[in-house]
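Down below is the structure, laid out as structure tokens.
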Protein chains: 2
Amino acid sequence: MARTTPSEPAAARLAALAALLADETRAAFCLALLDGRAWTAGELARGAGVAPSTASEHLGKLVAGGLLAEERQGRHRYLRLAGGRAAQLVEELAAYAAPGGAPPARSLRAASTAHALARGRTCYDHLAGRLGIRITEAMTTRGLLRQDTGFALTEDGLAWFGALGVPLDTASRRPLARGCLDWTERRPHLAGAAGAALCRHAMEAGWCERVGTGRAVRATPEGLRALTARLGIDPASIDGR
Amino acid sequence: MARTTPSEPAAARLAALAALLADETRAAFCLALLDGRAWTAGELARGAGVAPSTASEHLGKLVAGGLLAEERQGRHRYLRLAGGRAAQLVEELAAYAAPGGAPPARSLRAASTAHALARGRTCYDHLAGRLGIRITEAMTTRGLLRQDTGFALTEDGLAWFGALGVPLDTASRRPLARGCLDWTERRPHLAGAAGAALCRHAMEAGWCERVGTGRAVRATPEGLRALTARLGIDPASIDGR
DNA sequence: GGCACAGTTCGGCGTCCGCCGAAGAGTGCC
DNA sequence: GGCACTCTTCGGCGGACGCCGAACTGTGCC
């Protein structure tokens, strides 16, 4: 008997896309790039522990498949996620794949990086981890963000961004606010154009700074003061445990 | 040099999850189950054009991987997507994998089913296709749904559901409204608890009916009248082309 | 020009995995 | 009880794919 839709092309395309992430090395590349920054091919190869030649082939597939974008500068090949939708795809798959319980964290080094990531990190272009969740919570309780009927900024929320000096384009196709499931807190944090703008502002204003070379982010003392003043966030709820 | 996080388990889990969908036959199973109903193993095997033994192995993997749920009744094994999140995952991957241009539609039979699907279909538990998009559009222009600051019902929207006699639970963890990218219209339609409730009501009230055995759905004459009366939708914008 | 370095291409190796048919287990109908 | 049917398990086959090292290309620095 024939297939439900003859010579189904949708299944083949879905399988081809999923196959890009079905390899552990390629998956590691995409997870590393979830910090939203561009990495060189060599950095990715070292990070994943494979030979440069192997990485080169994998990166070629990921770019050809539309998941990654490349930028060549001199003898370097910089790679980043192809865009917000690609990042969202990887995020959601990673969140679904995350185990229900806490991650094991075998070594001391792994435990300390896991701790730093749980405290705060970037998730492509917005803030995640305890830091991102506390901000999202505070915005919700202050009536800047509504989560009960969906996930959207309120008029007060728009005004709050205005007062911060961060313009938001409501006419853009990209949704202003979107929930992104946090894989350490297991609750949604603010993503979308507003989440990206807030993260950019937090970095530029010195509210946060990167820790080490990875995705981990830490709120600075000024940042904690600003979050307390503007959102009523208790600094201990982010920094402490 | 070591991996960024030693013996990274996240990459392995992401790869394992993606591998479930990286096979064309398994992908076809998941797409078929996107209609939200339960199919038997044999039906899925015939639909995908593989031997029952092959299907059995694939289904075992999909269930073990947490993407599908099974229910055994007598000698039948009924399979459905494991839940809303699994459906959302498959939807988004399928939407990302969909080609930018229109699908080719080689045979006459394929063209006619593609046409029926484009007109209206279920997307797991809510309405999609032209029918779903027109409803979402109408709800937005009538102020029942806000898309400019995210994707959320308004107070008027809550009242509209109340008038319809469809209760919505705002206290649930599941978001009431969520945008789901429509792969034929390439715009978001209403998903989430409200989308599911509306779809259920439309089926029970006889506004829509299934066409054939697949995902395709058609608005009935009463349905078109109801949509015109309650949302001001022009019937020709759905049914005609 | 010459060297160091980033990245790519190629050949070969080993493994994994999807496919089938045949045989078996369990269920329902008569 | 016996038959028909659905699904599962197993063995074996073949292709696909990820890995590496070695050789090669191209860039930048001195």
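Here, A, B, ... name the chains of the structure tokens in the order displayed, residue numbers run from 1 inside each chain, and ligands are numbered from 1 in the same displayed order.
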
At most 10 Å to chain D: residues in chain A, only C-alpha atoms (C1' of nucleotides), as a compact mmCIF listing (two decimals) with C-alpha atoms, in the first residue's frame:
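Written file, out10.txt:
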# COMPACT_ATOMS: atom_id res chain seq x y z
CA ASP A 23 25.40 13.11 16.12
CA THR A 25 29.76 15.93 18.07
CA VAL A 50 37.71 15.72 17.81
CA ALA A 51 40.28 16.19 15.06
CA SER A 53 39.29 17.37 9.91
CA THR A 54 36.34 15.74 11.60
CA GLU A 57 33.13 17.89 7.84
CA HIS A 58 30.53 18.28 10.57
CA GLN A 73 37.85 36.06 7.98
CA GLY A 74 41.33 35.43 6.72
CA ARG A 75 42.31 31.94 7.61
CA HIS A 76 39.60 31.67 10.25

* Asked: What lies within 6 Å of stretch 30-45 of chain B using only C-alpha atoms (C1' of nucleotides), ignoring chain neighbours under 4 positions off, as a list in words?
  ->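 Within the cut-off, the hits are Gly49, Val50, Pro52, Ala55, Arg77, Tyr78, Leu79, Arg80, Thr122, Cys123, Tyr124, Asp125 and Arg215 of chain B.
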
Let me see the file: selected residues, N, CA and C atoms, as a CSV table (one decimal), in the first residue's frame.
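What landed in result-v2.csv:
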chain,number,residue,atom,x,y,z
B,49,GLY,N,4.8,2.4,4.5
B,49,GLY,CA,5.3,1.5,3.5
B,49,GLY,C,6.5,0.6,4.0
B,50,VAL,N,6.5,0.2,5.3
B,50,VAL,CA,7.5,-0.7,5.7
B,50,VAL,C,6.9,-2.0,6.3
B,52,PRO,N,5.8,-4.8,9.0
B,52,PRO,CA,5.4,-4.6,10.4
B,52,PRO,C,6.5,-4.8,11.4
B,55,ALA,N,8.4,-1.6,11.6
B,55,ALA,CA,7.7,-0.6,12.3
B,55,ALA,C,7.8,-0.9,13.8
B,77,ARG,N,-1.8,-2.3,19.4
B,77,ARG,CA,-0.9,-1.4,20.1
B,77,ARG,C,-1.2,0.0,19.5
B,78,TYR,N,-1.9,0.8,20.3
B,78,TYR,CA,-2.2,2.1,19.9
B,78,TYR,C,-1.1,3.1,20.3
B,79,LEU,N,-0.7,4.0,19.3
B,79,LEU,CA,0.4,4.9,19.6
B,79,LEU,C,-0.1,6.3,19.3
B,80,ARG,N,0.3,7.2,20.2
B,80,ARG,CA,0.1,8.6,20.0
B,80,ARG,C,1.3,9.4,20.5
B,122,THR,N,-5.9,19.5,11.6
B,122,THR,CA,-5.6,19.6,13.0
B,122,THR,C,-4.1,19.6,13.1
B,123,CYS,N,-3.6,20.3,14.1
B,123,CYS,CA,-2.2,20.3,14.4
B,123,CYS,C,-2.1,19.8,15.8
B,124,TYR,N,-2.0,18.5,16.0
B,124,TYR,CA,-2.0,17.9,17.3
B,124,TYR,C,-3.4,18.1,17.9
B,125,ASP,N,-3.6,19.2,18.6
B,125,ASP,CA,-4.9,19.3,19.3
B,125,ASP,C,-5.6,20.7,19.0
B,215,ARG,N,-5.3,14.1,8.6
B,215,ARG,CA,-5.4,15.3,9.4
B,215,ARG,C,-6.3,16.3,8.9

* Of the candidates B:Thr170, B:Thr140, B:Thr213, B:Thr184, which one gets nearest to chain A if we count only C-alpha atoms? ->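 Among the listed residues, the smallest separation from chain A belongs to B:Thr170.
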
* To do: Give the alpha helix (DSSP H) residues of stretch 70-223 of chain A, as DSSP finds them on the backbone, and put them as a PyMOL selection string.
  => chain A and resi 84-97+108-119+129-141+155-164+192-204+221-223

Could you save those same residues with C-alpha atoms as a compact mmCIF listing (two decimals), in the first residue's frame?
# COMPACT_ATOMS: atom_id res chain seq x y z
CA GLY A 84 16.85 33.03 16.33
CA ARG A 85 14.72 30.22 15.00
CA ALA A 86 17.65 27.85 14.79
CA ALA A 87 18.62 28.74 18.34
CA GLN A 88 15.06 28.20 19.51
CA LEU A 89 15.02 24.79 17.88
CA VAL A 90 18.22 23.71 19.60
CA GLU A 91 17.05 25.13 22.92
CA GLU A 92 13.77 23.28 22.85
CA LEU A 93 15.29 20.00 21.83
CA ALA A 94 17.92 20.36 24.54
CA ALA A 95 15.26 21.21 27.10
CA TYR A 96 13.19 18.19 26.11
CA ALA A 97 16.24 15.98 26.24
CA LEU A 108 34.66 18.96 40.69
CA ARG A 109 35.37 21.04 37.63
CA ALA A 110 32.08 19.95 36.03
CA ALA A 111 30.21 20.73 39.23
CA SER A 112 31.60 24.24 39.43
CA THR A 113 30.80 25.08 35.80
CA ALA A 114 27.35 23.55 36.23
CA HIS A 115 26.86 25.76 39.26
CA ALA A 116 27.93 28.86 37.36
CA LEU A 117 25.57 27.98 34.48
CA ALA A 118 22.67 27.41 36.86
CA ARG A 119 23.25 30.82 38.41
CA GLY A 129 19.39 30.41 34.60
CA ARG A 130 18.48 31.70 38.05
CA LEU A 131 19.24 35.25 36.89
CA GLY A 132 16.88 35.04 33.92
CA ILE A 133 14.14 33.37 35.95
CA ARG A 134 14.28 35.94 38.76
CA ILE A 135 13.98 38.75 36.25
CA THR A 136 11.06 37.07 34.50
CA GLU A 137 9.34 36.40 37.83
CA ALA A 138 9.82 39.96 39.04
CA MET A 139 8.50 41.39 35.79
CA THR A 140 5.44 39.18 36.09
CA THR A 141 4.62 40.06 39.70
CA GLU A 155 1.49 48.34 28.49
CA ASP A 156 3.38 48.86 31.76
CA GLY A 157 6.04 46.54 30.45
CA LEU A 158 6.46 48.57 27.29
CA ALA A 159 6.74 51.72 29.42
CA TRP A 160 9.30 50.03 31.66
CA PHE A 161 11.54 49.34 28.67
CA GLY A 162 11.03 52.91 27.53
CA ALA A 163 12.12 54.23 30.94
CA LEU A 164 15.20 52.01 30.68
CA GLY A 192 11.99 37.14 22.04
CA ALA A 193 12.89 40.67 21.01
CA ALA A 194 12.35 42.06 24.51
CA GLY A 195 14.50 39.36 26.09
CA ALA A 196 17.27 40.04 23.60
CA ALA A 197 17.07 43.81 24.13
CA LEU A 198 17.19 43.40 27.89
CA CYS A 199 20.20 41.09 27.69
CA ARG A 200 22.03 43.50 25.39
CA HIS A 201 21.29 46.38 27.70
CA ALA A 202 22.41 44.42 30.76
CA MET A 203 25.73 43.69 29.11
CA GLU A 204 26.29 47.20 27.82
CA PRO A 221 27.34 44.60 42.09
CA GLU A 222 25.95 47.51 40.04
CA GLY A 223 23.73 45.05 38.22

* Show me which bits of chain A are within 7 Å of chain B, counting only C-alpha atoms, as an MDAnalysis selection string. => chainID A and resid 1:6 10:19 21:24 27:28 46:49 93:94 97:98 110 148:153 170 175:178

* Structure fact -> chain B proximity check over C:DG18, C:DG12, C:DG7, C:DG1, using only C-alpha atoms (C1' of nucleotides): winner is C:DG18

* To do: Residues of chain C near chain B: apply a cut-off of 8 Å, count only C-alpha atoms (C1' of nucleotides), and supply the list as a list in words.
  => DC19, DC20, DG26, DT27 and DG28 of chain C

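Between atom CA of A:Ser56 and atom C1' of C:DC13 there is a distance of 19.2 Å.
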